[in-house]
$ cat entry.txt   # compact mmCIF, C-alpha atoms
# COMPACT_ATOMS: atom_id res chain seq x y z
CA MET A 1 -111.28 -188.96 130.56
CA ALA A 2 -107.93 -190.04 131.96
CA ALA A 3 -109.65 -192.87 133.81
CA ILE A 4 -111.30 -194.06 130.58
CA LYS A 5 -107.95 -193.97 128.82
CA LYS A 6 -106.38 -196.03 131.60
CA ILE A 7 -109.19 -198.59 131.42
CA ALA A 8 -108.84 -198.70 127.63
CA GLU A 9 -105.15 -199.51 128.08
CA LEU A 10 -105.97 -202.23 130.61
CA LEU A 11 -108.55 -203.80 128.33
CA SER A 12 -106.35 -203.53 125.24
CA ALA A 13 -103.67 -205.53 127.02
CA HIS A 14 -106.09 -208.41 127.56
CA PRO A 15 -106.14 -211.17 124.87
CA LEU A 16 -109.93 -210.93 124.74
CA PHE A 17 -109.71 -207.45 123.21
CA GLU A 18 -106.38 -207.70 121.44
CA GLY A 19 -106.39 -205.95 118.07
CA PHE A 20 -109.62 -204.01 118.60
CA ASP A 21 -109.61 -200.60 116.92
CA SER A 22 -109.32 -197.47 119.04
CA ASP A 23 -112.98 -196.46 118.59
CA THR A 24 -114.18 -199.83 119.90
CA MET A 25 -111.73 -199.70 122.77
CA GLU A 26 -112.86 -196.22 123.66
CA PHE A 27 -116.47 -197.36 123.58
CA LEU A 28 -115.69 -200.41 125.75
CA ALA A 29 -113.71 -198.33 128.20
CA GLY A 30 -116.62 -195.90 128.44
CA CYS A 31 -118.79 -198.82 129.56
CA ALA A 32 -116.20 -200.09 132.07
CA GLU A 33 -114.92 -199.29 135.51
CA ASN A 34 -112.33 -200.72 137.87
CA LYS A 35 -113.61 -202.25 141.07
CA ALA A 36 -112.30 -204.11 144.10
CA TYR A 37 -114.01 -206.81 146.16
CA ARG A 38 -113.01 -208.10 149.55
CA LYS A 39 -112.41 -211.76 150.27
CA GLY A 40 -115.77 -213.50 150.72
CA GLU A 41 -117.77 -210.81 148.94
CA TYR A 42 -120.13 -211.88 146.16
CA ILE A 43 -119.60 -210.38 142.72
CA PHE A 44 -122.94 -211.71 141.54
CA LYS A 45 -125.46 -214.30 142.59
CA THR A 46 -127.57 -216.86 140.75
CA GLY A 47 -130.72 -215.37 139.23
CA GLU A 48 -129.54 -211.78 139.25
CA PRO A 49 -129.51 -209.94 135.90
CA ALA A 50 -126.37 -210.76 133.92
CA ASP A 51 -125.73 -207.28 132.63
CA LYS A 52 -121.98 -207.14 133.28
CA PHE A 53 -118.84 -209.15 132.78
CA TYR A 54 -115.53 -208.90 134.54
CA ILE A 55 -111.85 -209.21 133.73
CA LEU A 56 -110.12 -210.47 136.85
CA ARG A 57 -107.02 -208.30 137.19
CA SER A 58 -105.76 -209.88 140.39
CA GLY A 59 -106.91 -212.46 142.90
CA ASP A 60 -109.03 -215.60 142.86
CA VAL A 61 -112.76 -216.11 142.38
CA ALA A 62 -114.92 -219.18 143.04
CA LEU A 63 -117.90 -220.01 140.85
CA GLU A 64 -120.36 -221.67 143.16
CA MET A 65 -123.72 -223.41 143.16
CA GLN A 66 -126.09 -223.31 146.10
CA ILE A 67 -127.73 -226.67 146.63
CA PRO A 68 -130.48 -226.76 149.26
CA GLY A 69 -129.50 -228.88 152.23
CA ARG A 70 -125.88 -229.03 151.18
CA ALA A 71 -122.84 -226.84 151.58
CA ARG A 72 -122.17 -224.48 148.70
CA LEU A 73 -120.29 -226.22 145.92
CA THR A 74 -117.39 -224.65 144.06
CA VAL A 75 -117.50 -225.87 140.48
CA GLN A 76 -114.57 -223.85 139.19
CA SER A 77 -112.07 -221.29 140.36
CA LEU A 78 -110.94 -218.35 138.24
CA HIS A 79 -107.65 -216.52 138.51
CA THR A 80 -105.76 -213.45 137.36
CA ASP A 81 -106.53 -212.35 133.78
CA GLN A 82 -109.48 -214.69 133.40
CA LEU A 83 -112.96 -213.70 132.28
CA ILE A 84 -115.77 -213.83 134.82
CA GLY A 85 -119.20 -214.21 133.33
CA ALA A 86 -120.63 -215.08 129.93
CA SER A 87 -124.34 -215.28 130.77
CA TRP A 88 -124.74 -211.70 129.55
CA MET A 89 -124.50 -213.04 125.99
CA LEU A 90 -127.52 -215.34 126.02
CA PRO A 91 -131.15 -215.01 127.09
CA PRO A 92 -132.50 -214.89 129.72
CA PHE A 93 -129.44 -212.79 130.66
CA THR A 94 -129.35 -213.98 134.27
CA TRP A 95 -126.43 -215.48 136.21
CA ARG A 96 -126.48 -219.27 136.46
CA LEU A 97 -123.88 -219.41 139.24
CA ASP A 98 -122.64 -217.38 142.18
CA ALA A 99 -119.24 -215.71 141.88
CA ARG A 100 -117.48 -215.14 145.20
CA ALA A 101 -114.09 -213.56 145.86
CA MET A 102 -111.76 -216.18 147.38
CA THR A 103 -109.18 -213.47 148.05
CA ASN A 104 -109.25 -209.69 147.86
CA ILE A 105 -109.66 -209.08 144.16
CA ARG A 106 -109.49 -206.31 141.58
CA VAL A 107 -111.53 -206.43 138.43
CA THR A 108 -112.40 -204.36 135.41
CA ARG A 109 -116.18 -204.48 135.19
CA VAL A 110 -117.76 -203.96 131.78
CA ASP A 111 -121.39 -202.93 131.29
CA ALA A 112 -122.49 -205.84 129.14
CA ALA A 113 -126.01 -204.56 128.53
CA CYS A 114 -124.44 -201.54 126.86
CA LEU A 115 -122.14 -203.79 124.82
CA ARG A 116 -125.06 -206.06 123.90
CA ASP A 117 -126.95 -203.11 122.42
CA LYS A 118 -123.85 -202.03 120.54
CA CYS A 119 -123.42 -205.56 119.13
CA ASP A 120 -127.04 -205.54 117.98
CA GLU A 121 -126.34 -202.31 116.12
CA ASN A 122 -122.94 -203.33 114.80
CA HIS A 123 -122.98 -206.97 113.74
CA GLU A 124 -119.32 -206.96 112.78
CA LEU A 125 -118.43 -206.05 116.35
CA GLY A 126 -120.95 -208.61 117.60
CA TYR A 127 -119.36 -211.33 115.47
CA THR A 128 -115.89 -210.43 116.70
CA ILE A 129 -117.04 -210.46 120.32
CA MET A 130 -118.68 -213.86 119.77
CA LYS A 131 -115.47 -215.24 118.24
CA ARG A 132 -113.47 -214.07 121.25
CA PHE A 133 -115.87 -215.30 123.93
CA LEU A 134 -116.98 -218.62 122.40
CA PRO A 135 -113.60 -220.40 122.74
CA ILE A 136 -113.57 -219.55 126.44
CA ILE A 137 -117.10 -220.88 126.86
CA ALA A 138 -116.24 -224.03 124.88
CA GLU A 139 -113.08 -224.61 126.90
CA ARG A 140 -115.02 -224.32 130.14
CA LEU A 141 -117.69 -226.69 128.85
CA GLN A 142 -115.00 -229.22 127.94
CA ALA A 143 -113.40 -228.82 131.37
CA THR A 144 -116.78 -229.38 132.99
CA ARG A 145 -117.19 -232.60 131.01
CA MET A 146 -113.78 -233.74 132.21
CA GLN A 147 -114.79 -233.08 135.80
CA LEU A 148 -118.04 -235.00 135.24
CA VAL A 149 -116.08 -238.03 134.05
CA ASP A 150 -114.53 -238.18 137.55
CA LEU A 151 -111.26 -239.45 136.10
CA TYR A 152 -109.51 -240.01 139.39
CA ALA A 153 -112.31 -241.96 141.09
CA PRO A 154 -111.22 -245.14 142.86
CA MET A 155 -112.03 -248.27 140.87
CA SER A 156 -114.36 -249.41 143.64
CA GLU A 157 -116.58 -246.40 142.88
CA VAL A 158 -116.29 -246.74 139.12
CA GLY A 159 -117.53 -250.32 139.34
CA THR A 160 -114.64 -251.99 137.52
CA ARG A 161 -112.14 -254.19 139.28
CA LEU A 162 -109.03 -255.43 137.56
CA MET B 1 -91.61 -255.22 118.34
CA ARG B 2 -90.21 -258.17 120.29
CA ALA B 3 -88.01 -257.08 123.11
CA VAL B 4 -85.51 -259.87 123.38
CA SER B 5 -84.50 -262.32 120.69
CA ALA B 6 -83.29 -265.84 121.35
CA ASP B 7 -79.83 -264.71 120.31
CA GLU B 8 -79.84 -261.94 122.84
CA ALA B 9 -80.82 -264.02 125.82
CA THR B 10 -80.35 -267.64 126.66
CA SER B 11 -81.95 -268.16 130.03
CA SER B 12 -84.93 -267.07 132.08
CA TRP B 13 -82.53 -265.07 134.24
CA ASP B 14 -81.27 -263.16 131.21
CA LEU B 15 -84.82 -262.63 130.01
CA GLY B 16 -85.85 -261.10 133.31
CA MET B 17 -88.54 -263.72 133.91
CA VAL B 18 -87.36 -264.87 137.33
CA PRO B 19 -88.45 -262.75 140.31
CA ARG B 20 -85.88 -261.73 142.90
CA PRO B 21 -86.86 -261.94 146.56
CA PHE B 22 -87.37 -258.53 148.20
CA ARG B 23 -88.42 -257.80 151.77
CA VAL B 24 -90.91 -255.10 152.76
CA ARG B 25 -89.03 -252.49 154.78
CA LYS B 26 -91.95 -250.13 155.17
CA ASN B 27 -95.61 -249.88 154.16
CA ARG B 28 -96.79 -246.27 154.28
CA ARG B 29 -100.49 -245.50 153.78
CA GLU B 30 -100.81 -242.56 151.36
CA LEU B 31 -104.59 -242.55 150.82
CA ASN B 32 -107.45 -244.82 151.85
CA ASP B 33 -106.70 -247.20 148.99
CA VAL B 34 -103.08 -246.31 148.19
CA VAL B 35 -99.86 -247.37 149.88
CA THR B 36 -96.19 -246.86 149.18
CA LEU B 37 -93.99 -249.89 149.76
CA GLU B 38 -90.27 -249.63 150.43
CA LEU B 39 -88.60 -252.86 149.39
CA GLU B 40 -85.03 -254.04 149.77
CA PRO B 41 -83.40 -257.03 148.11
CA GLU B 42 -82.98 -260.05 150.35
CA SER B 43 -79.57 -260.55 148.78
CA GLY B 44 -77.46 -259.38 145.89
CA GLU B 45 -77.18 -256.04 144.18
CA PRO B 46 -79.67 -253.23 144.75
CA MET B 47 -82.02 -252.60 141.84
CA ALA B 48 -80.88 -249.61 139.80
CA PHE B 49 -83.54 -247.99 137.64
CA GLU B 50 -84.26 -244.96 135.52
CA PRO B 51 -87.16 -242.55 136.09
CA GLY B 52 -90.31 -243.88 134.45
CA GLN B 53 -89.46 -247.58 134.54
CA PHE B 54 -91.66 -250.19 136.16
CA THR B 55 -91.32 -253.56 137.84
CA MET B 56 -93.43 -256.69 137.98
CA LEU B 57 -94.34 -257.30 141.61
CA TYR B 58 -95.18 -260.86 142.56
CA LEU B 59 -97.20 -261.71 145.63
CA HIS B 60 -96.57 -265.35 146.40
CA GLY B 61 -99.53 -267.55 145.61
CA ILE B 62 -101.73 -264.66 144.50
CA GLY B 63 -100.33 -263.08 141.38
CA GLU B 64 -98.11 -260.57 139.65
CA ILE B 65 -98.83 -256.98 138.61
CA PRO B 66 -96.92 -254.18 136.88
CA ILE B 67 -96.21 -251.20 139.13
CA SER B 68 -94.31 -248.01 138.30
CA ILE B 69 -91.34 -247.18 140.46
CA SER B 70 -92.10 -244.03 142.46
CA GLY B 71 -88.84 -243.62 144.37
CA ASP B 72 -85.63 -241.66 143.98
CA PRO B 73 -83.39 -243.19 141.30
CA SER B 74 -80.32 -242.04 143.21
CA HIS B 75 -81.32 -244.20 146.21
CA GLU B 76 -80.47 -247.56 144.80
CA GLY B 77 -80.65 -249.46 148.07
CA VAL B 78 -84.41 -249.21 148.34
CA LEU B 79 -87.09 -249.84 145.77
CA VAL B 80 -90.14 -247.60 146.27
CA GLN B 81 -93.46 -248.50 144.66
CA THR B 82 -96.83 -246.82 145.09
CA ILE B 83 -99.83 -249.10 144.70
CA ARG B 84 -103.58 -248.51 144.55
CA SER B 85 -105.84 -251.33 145.68
CA VAL B 86 -107.98 -252.16 142.67
CA GLY B 87 -108.09 -255.97 142.72
CA ALA B 88 -106.99 -259.10 144.55
CA VAL B 89 -103.26 -258.76 143.87
CA SER B 90 -102.94 -255.03 144.47
CA GLU B 91 -105.07 -255.33 147.59
CA GLY B 92 -102.71 -258.04 148.81
CA PHE B 93 -99.73 -255.74 148.32
CA CYS B 94 -101.51 -252.92 150.14
CA ASN B 95 -101.98 -255.21 153.14
CA LEU B 96 -98.33 -256.29 153.43
CA SER B 97 -96.45 -255.75 156.67
CA GLU B 98 -92.86 -254.96 157.45
CA GLY B 99 -90.73 -258.06 156.91
CA ASP B 100 -93.06 -259.74 154.39
CA MET B 101 -91.46 -261.14 151.25
CA VAL B 102 -92.38 -260.35 147.65
CA GLY B 103 -90.92 -261.19 144.25
CA VAL B 104 -89.65 -258.45 141.96
CA ARG B 105 -88.80 -258.57 138.26
CA GLY B 106 -87.32 -255.65 136.43
CA PRO B 107 -86.82 -252.81 136.08
CA PHE B 108 -88.45 -252.72 132.66
CA GLY B 109 -89.38 -250.28 129.96
CA ARG B 110 -88.35 -247.09 128.28
CA PRO B 111 -87.80 -244.32 130.84
CA TRP B 112 -88.71 -240.63 130.81
CA PRO B 113 -86.22 -238.86 128.49
CA VAL B 114 -84.71 -236.73 131.26
CA GLU B 115 -81.57 -236.09 129.20
CA LYS B 116 -83.70 -234.11 126.72
CA THR B 117 -84.41 -231.51 129.39
CA ASP B 118 -80.82 -230.21 129.30
CA GLY B 119 -81.03 -226.43 129.06
CA LYS B 120 -84.83 -226.53 128.89
CA ASN B 121 -87.80 -226.21 131.20
CA LEU B 122 -89.27 -229.42 132.55
CA LEU B 123 -93.04 -229.45 132.82
CA ILE B 124 -94.58 -232.30 134.79
CA MET B 125 -98.33 -232.74 134.46
CA ALA B 126 -99.98 -235.44 136.52
CA GLY B 127 -103.47 -236.47 137.49
CA GLY B 128 -104.50 -238.64 140.42
CA LEU B 129 -102.16 -241.56 141.04
CA GLY B 130 -100.23 -240.48 137.92
CA LEU B 131 -97.98 -238.45 140.18
CA ALA B 132 -96.28 -241.67 141.32
CA PRO B 133 -94.69 -242.66 137.98
CA VAL B 134 -93.39 -239.12 137.38
CA ARG B 135 -92.03 -238.66 140.91
CA PRO B 136 -88.65 -240.25 139.99
CA ALA B 137 -88.33 -237.63 137.22
CA VAL B 138 -89.06 -234.91 139.79
CA TYR B 139 -86.35 -236.32 142.07
CA TRP B 140 -83.97 -236.39 139.12
CA ALA B 141 -84.79 -232.79 138.20
CA LEU B 142 -84.37 -231.53 141.77
CA GLN B 143 -80.90 -233.06 141.81
CA ASN B 144 -80.08 -231.58 138.41
CA MET B 145 -81.47 -228.05 138.61
CA ASP B 146 -78.19 -226.79 137.16
CA ARG B 147 -79.02 -228.67 133.96
CA ILE B 148 -82.58 -227.43 133.50
CA LYS B 149 -84.11 -223.96 133.45
CA LYS B 150 -87.24 -224.33 135.52
CA LEU B 151 -89.26 -227.19 136.92
CA ASN B 152 -93.04 -226.78 136.78
CA ILE B 153 -95.34 -229.35 138.33
CA LEU B 154 -99.05 -229.15 137.54
CA TYR B 155 -101.12 -231.67 139.45
CA GLY B 156 -104.82 -232.48 139.42
CA ALA B 157 -106.52 -234.50 142.12
CA ARG B 158 -110.08 -235.56 142.73
CA THR B 159 -110.36 -233.80 146.10
CA PRO B 160 -107.81 -232.07 148.35
CA ASP B 161 -107.71 -235.22 150.49
CA ASP B 162 -106.89 -237.35 147.43
CA ALA B 163 -103.73 -235.40 146.55
CA LEU B 164 -100.79 -237.79 146.57
CA PHE B 165 -97.56 -236.88 148.43
CA PRO B 166 -99.01 -233.56 149.77
CA SER B 167 -96.10 -232.73 152.05
CA GLN B 168 -93.64 -233.30 149.22
CA LEU B 169 -95.63 -231.03 146.92
CA LEU B 170 -95.27 -228.27 149.51
CA GLY B 171 -91.56 -228.98 149.91
CA TRP B 172 -90.90 -228.90 146.17
CA GLU B 173 -92.71 -225.58 145.87
CA ALA B 174 -90.20 -224.01 148.24
CA VAL B 175 -87.26 -224.80 145.94
CA ASP B 176 -85.91 -222.01 143.71
CA ASP B 177 -87.05 -222.25 140.08
CA VAL B 178 -89.69 -224.81 140.99
CA LYS B 179 -93.39 -224.03 140.63
CA VAL B 180 -96.06 -226.39 141.91
CA LEU B 181 -99.75 -225.86 141.18
CA LEU B 182 -102.51 -228.10 142.47
CA THR B 183 -106.12 -228.14 141.35
CA VAL B 184 -108.98 -230.37 142.45
CA ASP B 185 -112.17 -231.51 140.75
CA ARG B 186 -114.19 -231.50 143.95
CA PRO B 187 -113.31 -229.08 146.71
CA VAL B 188 -114.20 -229.37 150.38
CA ASP B 189 -115.56 -226.57 152.53
CA ASP B 190 -112.21 -225.30 153.79
CA TRP B 191 -110.45 -225.47 150.42
CA TYR B 192 -109.27 -222.11 149.13
CA GLY B 193 -107.14 -223.47 146.33
CA ARG B 194 -107.94 -224.04 142.71
CA VAL B 195 -110.95 -225.93 141.40
CA GLY B 196 -110.97 -227.26 137.87
CA VAL B 197 -109.11 -229.60 135.58
CA VAL B 198 -105.33 -229.84 135.48
CA THR B 199 -105.14 -228.26 132.02
CA ASP B 200 -106.58 -225.04 133.47
CA LEU B 201 -103.22 -224.60 135.18
CA ILE B 202 -101.34 -224.27 131.88
CA ALA B 203 -102.51 -220.64 131.66
CA ASP B 204 -100.41 -219.90 134.75
CA LEU B 205 -97.12 -221.06 133.27
CA ASP B 206 -94.57 -218.31 132.74
CA ILE B 207 -92.19 -220.36 130.61
CA ASP B 208 -91.55 -220.51 126.87
CA PRO B 209 -93.30 -223.54 125.35
CA GLN B 210 -90.60 -223.68 122.68
CA GLU B 211 -88.06 -224.32 125.44
CA THR B 212 -90.01 -226.93 127.35
CA ILE B 213 -90.18 -230.70 127.64
CA ALA B 214 -93.41 -232.04 129.14
CA MET B 215 -93.90 -235.35 130.94
CA VAL B 216 -97.54 -236.27 131.45
CA CYS B 217 -99.05 -239.09 133.48
CA GLY B 218 -102.60 -239.87 134.50
CA PRO B 219 -105.71 -241.55 133.11
CA ASP B 220 -105.67 -241.81 129.29
CA VAL B 221 -108.49 -239.29 128.88
CA MET B 222 -106.61 -236.78 131.01
CA MET B 223 -103.39 -237.33 129.02
CA ASN B 224 -105.19 -236.99 125.70
CA PHE B 225 -106.84 -233.77 126.82
CA THR B 226 -103.50 -232.53 128.15
CA ILE B 227 -101.68 -233.25 124.87
CA GLN B 228 -104.25 -231.15 123.01
CA SER B 229 -104.03 -228.33 125.54
CA LEU B 230 -100.22 -228.31 125.47
CA ARG B 231 -100.27 -228.15 121.67
CA ALA B 232 -102.69 -225.22 121.85
CA TRP B 233 -100.30 -223.59 124.33
CA GLY B 234 -97.54 -223.86 121.72
CA LEU B 235 -95.63 -226.93 122.78
CA ASP B 236 -94.52 -229.19 119.93
CA GLY B 237 -96.03 -232.67 120.30
CA GLU B 238 -92.55 -234.19 119.89
CA ASN B 239 -91.66 -232.60 123.21
CA VAL B 240 -94.61 -234.09 125.08
CA TYR B 241 -94.14 -237.52 126.66
CA VAL B 242 -96.77 -239.70 128.27
CA SER B 243 -96.59 -242.88 130.31
CA LEU B 244 -99.13 -245.55 129.43
CA GLU B 245 -100.47 -248.22 131.69
CA ARG B 246 -101.72 -251.43 130.15
CA ASN B 247 -102.06 -255.04 131.19
CA MET B 248 -98.39 -256.02 131.21
CA LYS B 249 -97.79 -259.72 131.83
CA CYS B 250 -94.35 -260.87 130.68
CA ALA B 251 -92.90 -257.32 130.73
CA ILE B 252 -90.27 -258.30 128.15
CA GLY B 253 -92.27 -257.87 124.97
CA TRP B 254 -93.03 -261.52 124.30
CA CYS B 255 -96.60 -262.23 125.31
CA GLY B 256 -98.40 -259.33 123.64
CA HIS B 257 -100.87 -258.75 126.48
CA CYS B 258 -100.01 -255.07 126.58
CA GLN B 259 -100.06 -254.50 122.85
CA MET B 260 -101.57 -251.21 121.70
CA GLY B 261 -101.62 -250.91 117.93
CA PRO B 262 -98.03 -251.36 116.76
CA HIS B 263 -96.59 -250.89 120.25
CA ILE B 264 -95.78 -253.40 122.95
CA ILE B 265 -96.18 -251.11 125.93
CA CYS B 266 -93.89 -253.01 128.32
CA HIS B 267 -90.98 -252.89 125.90
CA ASP B 268 -91.55 -249.95 123.55
CA GLY B 269 -92.91 -247.90 126.46
CA PRO B 270 -94.35 -247.29 128.94
CA VAL B 271 -93.07 -243.80 128.05
CA PHE B 272 -93.93 -242.59 124.55
CA SER B 273 -93.78 -239.29 122.77
CA ALA B 274 -97.22 -237.87 122.10
CA PRO B 275 -97.10 -238.33 118.30
CA GLU B 276 -96.37 -242.04 118.78
CA VAL B 277 -99.57 -242.75 120.69
CA ALA B 278 -101.96 -239.79 120.71
CA GLU B 279 -104.25 -241.18 118.00
CA LEU B 280 -104.19 -244.70 119.43
CA MET B 281 -105.19 -243.39 122.84
CA SER B 282 -108.49 -242.24 121.37
CA VAL B 283 -109.39 -245.68 120.04
CA TRP B 284 -112.07 -247.36 122.11
CA GLU B 285 -110.80 -250.31 124.19
CA LEU B 286 -107.40 -250.36 122.52
$ encode --input "entry.txt" --output "structure tokens"
Amino acid sequence: MAAIKKIAELLSAHPLFEGFDSDTMEFLAGCAENKAYRKGEYIFKTGEPADKFYILRSGDVALEMQIPGRARLTVQSLHTDQLIGASWMLPPFTWRLDARAMTNIRVTRVDAACLRDKCDENHELGYTIMKRFLPIIAERLQATRMQLVDLYAPMSEVGTRL
Amino acid sequence: MRAVSADEATSSWDLGMVPRPFRVRKNRRELNDVVTLELEPESGEPMAFEPGQFTMLYLHGIGEIPISISGDPSHEGVLVQTIRSVGAVSEGFCNLSEGDMVGVRGPFGRPWPVEKTDGKNLLIMAGGLGLAPVRPAVYWALQNMDRIKKLNILYGARTPDDALFPSQLLGWEAVDDVKVLLTVDRPVDDWYGRVGVVTDLIADLDIDPQETIAMVCGPDVMMNFTIQSLRAWGLDGENVYVSLERNMKCAIGWCGHCQMGPHIICHDGPVFSAPEVAELMSVWEL
């Protein structure tokens, strides 16, 4: 019980769950646990069921893609206090990327399958969760677009010469 | 909008249209297609400048281009300019050797408002080669740390190997009250640093946005995105400054080549506050 209370405090302090009522926080904390991963360890891999999400409490994580015949590609790095994983929200509920610890890390891991069921039952909670997670997803999509633009490419590669 | 009226100036010298001869003291290769030239005047006074100003560099018989000054404003004896090879003139400058002569006009333009950072945090955000035009402001800040609270430098590069002035970035990070964060769009195998866009780094700032002046330089899209992100962070647009690069020709506000909406970039800028130019920066081909 004390552990759940501690996790509830940790989650309450995160902007993602700011302002949630005590019942919801207690429920979330009941679905959560603190975990540690060593540098190099995978938190999840592409194709595995996306039934959890993680709040990175300390350390750095790389989101990677495996491309046959090529070295693994880091598409984004995540750092302290950031959310790891949103694929639990949308079918087919499988991870689209690998998440690998770049340093020793500590996370709070939340059972997203449990939360998903709760959101199905309680649409108000589901709507609130959506409102909190969507801006993060949108921000990451926008950042991905910026990376795709390849803003800092030499002019010789862009094809324009001044 | 015109920079100099006939009453204000009576000769080409006064107008700043005549290049002064400078000699290449050093040509240092920064990246595959980027060099930093150290130039010294062949005769006469050294060229004093303020952080954020630019010069028109003339390569005899080839052409003239606008280049931001990237050196230390307190070192007046040497003019430092960082140039990327993107065309015939810039490529010619990149290939210069020690002792070669060039023509220099300037310095021109409105500088970074460093005096506004008194008692505040200075946030530098740069992308790619955009670190060069803000480097003089970094030098200024490092020499005036008693006047500012904290100096934060957020820098985005294409790859770790494309980061400009890497040894200086490390050196600046070691200074008290200075924070330097680097992120790259495309990592390499042995890169354990950050991957993502430069605006991702804003989340790591531990300063009060209400007490911060930001100076932003990079491609227009990056600056536009950064302005939005800084506003979302809580920084008033009036306290965000950007440096624009356009096709400056005369550099004294007469020819209009660098006009963007109501602004003549060479004279009214190149440094602008975000509200002055943010909307214009989103207009296609302006």
$ atom_distance --input "entry.txt" --atom1 "CA of Arg145 in chain A" --atom2 "CA of Ala86 in chain A"
17.9 Å
$ atom_distance --input "entry.txt" --atom1 "CA of Cys31 in chain A" --atom2 "CA of Lys52 in chain A"
9.7 Å
$ residues_around --input "entry.txt" --residues "range 175-183 of chain B" --least-positions-apart "2" --cutoff "8 Å" --atoms "only C-alpha atoms" --output "list in words"
Lys149, Lys150, Leu151, Asn152, Ile153, Leu154, Tyr155, Gly156, Ala157, Leu169, Leu170, Gly171, Trp172, Glu173, Asp185, Gly193, Arg194, Val195, Gly196, Val197, Val198 and Leu201 of chain B
$ interface_residues --input "entry.txt" --of "chain B" --to "chain A" --cutoff "10 Å" --atoms "all atoms listed in the file" --output "VMD selection string"
chain B and resid 32 to 34 84 to 90 127 to 130 156 to 159 162 183 to 189 191 to 201 203 to 204 218 to 222 225 229 247
$ residues_around --input "entry.txt" --residues "range 7-11 of chain A" --least-positions-apart "3" --cutoff "12 Å" --atoms "all atoms listed in the file" --output "ChimeraX atom specification"
/A:1-4,14-35,54-57,81,83,107-110
$ residues_near_point --input "entry.txt" --point "(-91.3, -255.6, 155.9)" --cutoff "6 Å" --atoms "all atoms listed in the file" --output "list in words"
Arg23, Val24, Arg25, Lys26, Ser97, Glu98, Gly99 and Asp100 of chain B
